[in-house]
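Take a look at the structure set out below.
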Amino acid sequence: MAVPPNTKPIPILKLPFIPLNYIIQHFYPLTLLDFSLLSKKCRHIIKSTNLVKYDMGLSFQPDEYLIRFQRKDTLKFFFSINILRERNKYLQTEMRPYSNNGNEVSIEFAKFWVNYVCDLFRTKFNLLFLDSNASIDQMSAYLILNTNMKLLQLILAF
């Protein structure tokens, strides 16, 4: 999007709560994630905003998204492994998105981002997408992630 010349940026953090809340409610989810990484204050502002509620899913299929948001079985948006890996640098973390063999999603990476996104969007995940050839570690991953779990619906891809 091109910015017209001679326009001043809007000091968004200096807005009163109600207009700020309205603006944040209209952010795209990836923009919310990026905004939350700017500072602790930005993260707290997002957490205090009444965001739209979604069903959240986690996928351990390396060629797809890691975190999926949907409503009534319709995919609304997702955070892919690459999107989240690019944002690791803002958190000063060296987590690798894949396990040592390179073809399975790292459980530590998934756990960190699920906890972060669940906290940010004030939700819990309730869908777990697994490959039918998944390792025992992956199939037991939902036990590791159970702090952010609602009634879980397990979906195996064949």
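Convention: chains lettered A, B, ... in structure tokens order; per-chain residue numbering from 1; ligands numbered from 1 as shown.
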Do a neighbour search on Asn21 (chain A) at 7 Å with only C-alpha atoms, toss out local chain neighbours closer than 4 positions, and write the hits as an MDAnalysis selection string. chainID A and resid 17 25 49
Store the residues of this selection in a file with N, CA and C atoms, as a compact mmCIF listing (two decimals), in the first residue's frame.
```txt
# COMPACT_ATOMS: atom_id res chain seq x y z
N PHE A 17 -8.64 4.40 24.63
CA PHE A 17 -8.87 2.95 24.55
C PHE A 17 -9.95 2.57 23.55
N GLN A 25 -9.40 -4.35 16.54
CA GLN A 25 -10.37 -5.37 16.15
C GLN A 25 -10.42 -5.56 14.64
N THR A 49 -8.08 -6.46 24.17
CA THR A 49 -9.08 -6.18 23.13
C THR A 49 -10.02 -7.39 22.99
```
Give me, as a VMD selection string, the residues of region 28-138 of chain A that a backbone DSSP run labels strand (DSSP E or B). chain A and resid 55 to 59 65 to 71 74 to 80 98 105 125 to 131
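Between CA of Lys47 (chain A) and CA of Phe69 (chain A) the interatomic distance comes to 17.0 Å.
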Contacts of Tyr54 (chain A) at 8 Å (only C-alpha atoms; same-chain gap of 3+ positions) as an mmCIF file with all heavy atoms, in the first residue's frame:
```cif
data_model
loop_
_atom_site.group_PDB
_atom_site.id
_atom_site.type_symbol
_atom_site.label_atom_id
_atom_site.label_comp_id
_atom_site.auth_asym_id
_atom_site.auth_seq_id
_atom_site.Cartn_x
_atom_site.Cartn_y
_atom_site.Cartn_z
ATOM 1 N N PHE A 69 -6.949 -21.275 12.209
ATOM 2 C CA PHE A 69 -8.116 -20.674 12.847
ATOM 3 C C PHE A 69 -9.305 -20.890 11.924
ATOM 4 O O PHE A 69 -9.229 -20.611 10.730
ATOM 5 C CB PHE A 69 -7.906 -19.175 13.071
ATOM 6 C CG PHE A 69 -6.873 -18.867 14.108
ATOM 7 C CD1 PHE A 69 -5.534 -18.865 13.782
ATOM 8 C CD2 PHE A 69 -7.246 -18.584 15.402
ATOM 9 C CE1 PHE A 69 -4.572 -18.573 14.733
ATOM 10 C CE2 PHE A 69 -6.298 -18.287 16.361
ATOM 11 C CZ PHE A 69 -4.953 -18.286 16.031
ATOM 12 N N GLN A 70 -10.382 -21.374 12.481
ATOM 13 C CA GLN A 70 -11.562 -21.637 11.652
ATOM 14 C C GLN A 70 -12.818 -21.377 12.460
ATOM 15 O O GLN A 70 -12.789 -21.298 13.677
ATOM 16 C CB GLN A 70 -11.546 -23.060 11.124
ATOM 17 C CG GLN A 70 -11.704 -24.140 12.170
ATOM 18 C CD GLN A 70 -11.608 -25.513 11.556
ATOM 19 O OE1 GLN A 70 -10.699 -25.786 10.794
ATOM 20 N NE2 GLN A 70 -12.538 -26.376 11.898
ATOM 21 N N ARG A 71 -13.906 -21.263 11.713
ATOM 22 C CA ARG A 71 -15.226 -21.126 12.291
ATOM 23 C C ARG A 71 -16.162 -22.016 11.497
ATOM 24 O O ARG A 71 -16.214 -21.927 10.278
ATOM 25 C CB ARG A 71 -15.700 -19.669 12.223
ATOM 26 C CG ARG A 71 -16.095 -19.159 13.589
ATOM 27 C CD ARG A 71 -16.822 -17.839 13.534
ATOM 28 N NE ARG A 71 -15.865 -16.779 13.808
ATOM 29 C CZ ARG A 71 -15.748 -15.700 13.079
ATOM 30 N NH1 ARG A 71 -16.491 -15.499 12.040
ATOM 31 N NH2 ARG A 71 -14.887 -14.777 13.408
ATOM 32 N N THR A 123 -7.599 -17.836 23.710
ATOM 33 C CA THR A 123 -8.365 -19.003 23.286
ATOM 34 C C THR A 123 -7.567 -20.254 23.600
ATOM 35 O O THR A 123 -6.438 -20.180 24.050
ATOM 36 C CB THR A 123 -8.699 -18.920 21.779
ATOM 37 O OG1 THR A 123 -9.597 -19.968 21.448
ATOM 38 C CG2 THR A 123 -7.452 -19.015 20.920
#
```
Set the distance at 12 Å and use only C-alpha atoms: which residues neighbour region 26-29 of chain A once local chain neighbours fewer than 6 positions away are removed? I'd like the list as a list in words.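 Selected residues are Pro19, Leu20, Phe35, Ser36, Ile46, Thr49, Asn50, Leu51, Val52, Lys53, Tyr54, Ile67, Arg68, Phe69, Lys76, Phe77, Phe78, Phe79, Val117, Leu120 and Phe121 of chain A.
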Tell me, as an mmCIF file with N, CA and C atoms, in the first residue's frame, which residues lie within 7 Å of Ile81 (chain A), counting only C-alpha atoms; anything in the same chain fewer than 4 positions away does not count.
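Output file around_20.cif is given in full below:
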```cif
data_model
loop_
_atom_site.group_PDB
_atom_site.id
_atom_site.type_symbol
_atom_site.label_atom_id
_atom_site.label_comp_id
_atom_site.auth_asym_id
_atom_site.auth_seq_id
_atom_site.Cartn_x
_atom_site.Cartn_y
_atom_site.Cartn_z
ATOM 1 N N TYR A 65 0.184 -25.507 7.304
ATOM 2 C CA TYR A 65 0.205 -24.520 8.361
ATOM 3 C C TYR A 65 0.503 -25.207 9.695
ATOM 4 N N LEU A 66 0.959 -24.450 10.663
ATOM 5 C CA LEU A 66 1.143 -24.987 12.011
ATOM 6 C C LEU A 66 -0.098 -24.693 12.853
ATOM 7 N N ARG A 85 8.537 -19.023 11.884
ATOM 8 C CA ARG A 85 10.003 -19.097 11.934
ATOM 9 C C ARG A 85 10.606 -17.712 11.701
ATOM 10 N N PRO A 97 12.171 -25.028 13.719
ATOM 11 C CA PRO A 97 10.796 -25.467 13.462
ATOM 12 C C PRO A 97 10.668 -26.955 13.147
#
```
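Here CA of His44 (chain A) stands at a distance of 25.5 Å from CA of Lys8 (chain A).
Residue nearest Lys111 (chain A) within the list A:Asp55, A:Ile83, A:Gln92, A:Phe60: A:Phe60 [criterion: smallest interatomic distance, only C-alpha atoms].
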Record the distance separating CA of Leu37 (chain A) and CA of Val114 (chain A), expressed in Å with one decimal.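 These atoms are spaced 14.9 Å apart.
Taking only C-alpha atoms into account, Asp73 (chain A) lies nearest to A:Leu127 out of the set A:Leu127, A:Cys42, A:Ile10, A:Leu58.
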Choose the residue, out of A:Leu38, A:Val105, A:Leu30, A:Ile12, that has the smallest atom-to-atom separation from Tyr90 (chain A); count only C-alpha atoms.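 That would be A:Leu38, the residue with the smallest distance to Tyr90 (chain A).
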